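*Asks:* Have a look at the structure that comes next, please.
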Amino acid sequence: MAYRETEHTLAKKADTRLRLLKAARRLVQQGGFAAASASAVAKESGVASGTIYRHFPNKSELVAEVFRYATESEVAAVAQACNEQDVDSQGQESEKTAADKLTAAVETFAQRALLGRTLAYALIAEPVDPRVEQERLRYRFAYAEIFEDVIALGIQRGEFVAQNCQITAAALVGMLAESLVGPLSPLLKDASLKITQKNDHDDLIHSLTALVLRAVGFNA
């Protein structure tokens, strides 16, 4: 008779896997993907090193899964920012304009990146193996889909000029990522270019939102 895992065993395995992912994410937040070695993840999560390989066949799969785990919350935060309702002084809710949705998405993306610099750089630009690059592409596609929906809404409402939503959305994701690589990079040598103060954050985010709205042809 073939062995069948019980619900308790499956739940325990899922709990251990989640613990490993959370531990790996903490390490990436502190030192990028380079810090998330199998031994470091095992130590951080309080399990034996061999336990890692019961859940992930090799480091590439571990890091790819950590990438997916980390990006889910980032993409969800941007999507939520787009979908939040405006509330007036009487507490009445109304849907945001497309321009406000796009602004909220850009602000959320940039703010989270600047507050979690090491993690953001790891997700956006840290050199990784090909397996993780596949996940990075999916990460960008997920953001592009959010932007594409907002751009289409803006065109429908007459807020944005007519355009190919898919191409513009992909371009916006690339533009945001490239704009933040320098300020986020741990390798940046010119200290004058570093974005460290709140005023610097605000200026950068304002510039990015203005650039994105111009790119979609926002009719103010």
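Ordered as shown in the structure tokens, chains take letters A, B, and onward, while each chain numbers its residues from 1 and ligands are numbered from 1 in the order shown.
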Run DSSP on the backbone and grab whatever in segment 4-139 of chain A lands in strand (DSSP E or B); send it over as an NGL selection string.
*Replies:* :A and (86-87 or 93-94)
*Asks:* Can you list, as a PyMOL selection string, every protein, DNA or RNA residue that comes within 12 Å of Ile151 of chain A when you count only C-alpha atoms, leaving out same-chain residues fewer than 4 positions away?
*Replies:* chain A and resi 82+97-103+105+144-147+155-170+172+212-213+215-218
*Asks:* So that I can see what lies close to segment 34-38 of chain A, please list as a ChimeraX atom specification the residues with an atom at most 7 Å from it, counting only C-alpha atoms and leaving out residues fewer than 4 positions away in the same chain.
*Replies:* /A:24,27-28,42,49,52,59
*Asks:* Once you have the residues from the selection above, write them out as a JSON list (two decimals), in the first residue's frame, restricted to N, CA and C atoms.
*Replies:*
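Result went into out_19.json, see below:
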[["chain", "number", "residue", "atom", "x", "y", "z"],
["A", 24, "ALA", "N", 13.86, 33.35, 4.81],
["A", 24, "ALA", "CA", 14.63, 33.76, 3.63],
["A", 24, "ALA", "C", 14.31, 35.19, 3.23],
["A", 27, "LEU", "N", 16.19, 37.56, 5.38],
["A", 27, "LEU", "CA", 17.60, 37.64, 4.99],
["A", 27, "LEU", "C", 17.78, 38.49, 3.74],
["A", 28, "VAL", "N", 16.86, 38.36, 2.78],
["A", 28, "VAL", "CA", 16.92, 39.17, 1.56],
["A", 28, "VAL", "C", 16.73, 40.64, 1.92],
["A", 42, "ALA", "N", 18.40, 28.12, 6.95],
["A", 42, "ALA", "CA", 18.16, 27.09, 7.97],
["A", 42, "ALA", "C", 18.41, 27.67, 9.36],
["A", 49, "SER", "N", 19.90, 22.04, 8.37],
["A", 49, "SER", "CA", 20.19, 22.39, 6.97],
["A", 49, "SER", "C", 19.53, 21.44, 5.99],
["A", 52, "ILE", "N", 15.92, 22.05, 4.45],
["A", 52, "ILE", "CA", 15.72, 22.92, 3.29],
["A", 52, "ILE", "C", 15.44, 22.10, 2.04],
["A", 59, "LYS", "N", 19.27, 25.59, -4.38],
["A", 59, "LYS", "CA", 19.19, 26.99, -3.99],
["A", 59, "LYS", "C", 18.41, 27.81, -5.02]]
*Asks:* Kindly give the distance, in Å, that separates atom CA of Ala77 of chain A and atom CA of Arg136 of chain A, rounded to a single decimal.
*Replies:*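 Taking atom CA of Ala77 of chain A as the start and atom CA of Arg136 of chain A as the end point, the length is 17.2 Å.
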*Asks:* Using only C-alpha atoms for the distances, tell me which of A:Gly154, A:Pro186, A:Gly116, A:Gly174 is nearest to Leu137 of chain A.
*Replies:*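 Looking at the shortest contact to Leu137 of chain A, the residue is A:Gly174.
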*Asks:* For atom CA of Glu61 of chain A and atom CA of Phe33 of chain A, determine how far apart the two atoms are, in Å to one decimal place.
*Replies:* 12.3 Å
*Asks:* Just list as a ChimeraX atom specification whatever in segment 33-192 of chain A DSSP marks as alpha helix (DSSP H).
*Replies:* /A:38-45,49-55,59-83,98-115,117-124,130-156,165-184
*Asks:* Write a file of the just-selected residues containing C-alpha atoms, as a short mmCIF file (atom, residue, chain, number, x, y, z; two decimals), in the first residue's frame.
*Replies:*
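In the end it all went to part_37.cif:
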data_model
loop_
_atom_site.label_atom_id
_atom_site.label_comp_id
_atom_site.auth_asym_id
_atom_site.auth_seq_id
_atom_site.Cartn_x
_atom_site.Cartn_y
_atom_site.Cartn_z
CA ALA A 38 20.61 27.45 2.37
CA SER A 39 22.65 27.35 5.58
CA ALA A 40 21.69 30.93 6.47
CA VAL A 41 18.00 30.23 5.86
CA ALA A 42 18.16 27.09 7.97
CA LYS A 43 19.82 28.97 10.82
CA GLU A 44 17.39 31.90 10.58
CA SER A 45 14.36 29.59 10.63
CA SER A 49 20.19 22.39 6.97
CA GLY A 50 18.91 19.17 5.43
CA THR A 51 15.32 20.29 6.00
CA ILE A 52 15.72 22.92 3.29
CA TYR A 53 16.14 20.28 0.61
CA ARG A 54 12.98 18.46 1.60
CA HIS A 55 11.08 21.52 0.44
CA LYS A 59 19.19 26.99 -3.99
CA SER A 60 17.85 28.25 -7.33
CA GLU A 61 14.40 26.88 -6.53
CA LEU A 62 14.59 28.26 -2.99
CA VAL A 63 15.50 31.75 -4.18
CA ALA A 64 12.88 31.65 -6.97
CA GLU A 65 10.20 30.71 -4.46
CA VAL A 66 11.37 33.46 -2.09
CA PHE A 67 11.17 35.91 -4.98
CA ARG A 68 7.58 34.87 -5.67
CA TYR A 69 6.72 35.08 -1.99
CA ALA A 70 8.24 38.55 -1.60
CA THR A 71 6.70 39.98 -4.75
CA GLU A 72 3.16 38.83 -3.98
CA SER A 73 2.82 41.34 -1.15
CA GLU A 74 4.42 44.13 -3.20
CA VAL A 75 2.15 43.65 -6.19
CA ALA A 76 -0.90 43.28 -3.92
CA ALA A 77 -0.09 46.61 -2.23
CA VAL A 78 0.00 48.42 -5.58
CA ALA A 79 -3.24 46.77 -6.72
CA GLN A 80 -4.93 47.72 -3.47
CA ALA A 81 -3.79 51.34 -3.83
CA CYS A 82 -5.48 51.45 -7.26
CA ASN A 83 -8.72 49.98 -5.98
CA ALA A 98 -7.91 57.01 -13.52
CA ALA A 99 -5.24 59.66 -12.93
CA ASP A 100 -5.63 59.27 -9.17
CA LYS A 101 -5.45 55.48 -9.48
CA LEU A 102 -2.26 55.71 -11.51
CA THR A 103 -0.77 58.22 -9.09
CA ALA A 104 -1.62 55.99 -6.13
CA ALA A 105 0.00 53.01 -7.85
CA VAL A 106 3.22 54.88 -8.61
CA GLU A 107 3.40 56.42 -5.14
CA THR A 108 2.86 53.06 -3.47
CA PHE A 109 5.45 51.33 -5.65
CA ALA A 110 8.07 54.03 -5.04
CA GLN A 111 7.37 54.53 -1.33
CA ARG A 112 7.62 50.82 -0.57
CA ALA A 113 10.82 50.59 -2.58
CA LEU A 114 12.47 53.53 -0.82
CA LEU A 115 11.43 52.30 2.62
CA ARG A 117 15.67 49.63 -0.15
CA THR A 118 17.59 46.35 0.08
CA LEU A 119 14.57 44.19 -0.71
CA ALA A 120 13.46 46.50 -3.51
CA TYR A 121 16.89 46.49 -5.13
CA ALA A 122 16.99 42.69 -4.86
CA LEU A 123 13.61 42.39 -6.58
CA ILE A 124 14.33 44.99 -9.25
CA PRO A 130 18.30 32.54 -14.82
CA ARG A 131 15.67 30.71 -12.74
CA VAL A 132 15.00 33.85 -10.73
CA GLU A 133 15.10 36.05 -13.83
CA GLN A 134 12.02 34.17 -15.01
CA GLU A 135 10.24 35.20 -11.83
CA ARG A 136 11.43 38.77 -12.29
CA LEU A 137 9.73 38.85 -15.68
CA ARG A 138 6.49 37.61 -14.12
CA TYR A 139 6.89 40.29 -11.45
CA ARG A 140 7.06 42.99 -14.11
CA PHE A 141 4.15 41.51 -16.03
CA ALA A 142 2.01 41.60 -12.87
CA TYR A 143 2.64 45.32 -12.45
CA ALA A 144 2.11 45.93 -16.14
CA GLU A 145 -1.33 44.31 -15.96
CA ILE A 146 -2.33 46.69 -13.17
CA PHE A 147 -1.15 49.72 -15.13
CA GLU A 148 -2.76 48.44 -18.33
CA ASP A 149 -6.19 48.30 -16.69
CA VAL A 150 -5.84 51.83 -15.30
CA ILE A 151 -4.65 53.23 -18.62
CA ALA A 152 -7.58 51.60 -20.43
CA LEU A 153 -9.95 53.15 -17.89
CA GLY A 154 -8.34 56.56 -18.39
CA ILE A 155 -8.75 56.33 -22.16
CA GLN A 156 -12.38 55.26 -21.78
CA CYS A 165 -2.29 50.22 -23.28
CA GLN A 166 -0.14 47.10 -23.21
CA ILE A 167 2.94 48.82 -24.62
CA THR A 168 2.55 51.88 -22.42
CA ALA A 169 2.05 49.77 -19.29
CA ALA A 170 5.20 47.74 -19.97
CA ALA A 171 7.14 50.94 -20.63
CA LEU A 172 5.95 52.47 -17.35
CA VAL A 173 7.10 49.45 -15.35
CA GLY A 174 10.51 49.61 -16.99
CA MET A 175 10.75 53.35 -16.46
CA LEU A 176 9.89 53.11 -12.76
CA ALA A 177 12.36 50.29 -12.20
CA GLU A 178 15.20 52.04 -13.99
CA SER A 179 14.47 55.33 -12.22
CA LEU A 180 14.82 53.64 -8.84
CA VAL A 181 17.86 51.44 -9.51
CA GLY A 182 20.32 54.26 -8.89
CA PRO A 183 18.81 55.57 -5.65
CA LEU A 184 18.39 52.04 -4.31
#
*Asks:* Between atom CA of Arg17 of chain A and atom CA of Gly46 of chain A, what is the distance, to one decimal in Å?
*Replies:*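 It comes out at 12.2 Å.
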*Asks:* Nearest to Arg19 of chain A: which of A:Glu126, A:Glu95, A:Asp200, A:Val47 is it, counting only C-alpha atoms?
*Replies:*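 Comparing A:Glu126, A:Glu95, A:Asp200, A:Val47 against Arg19 of chain A, the winner is A:Val47.
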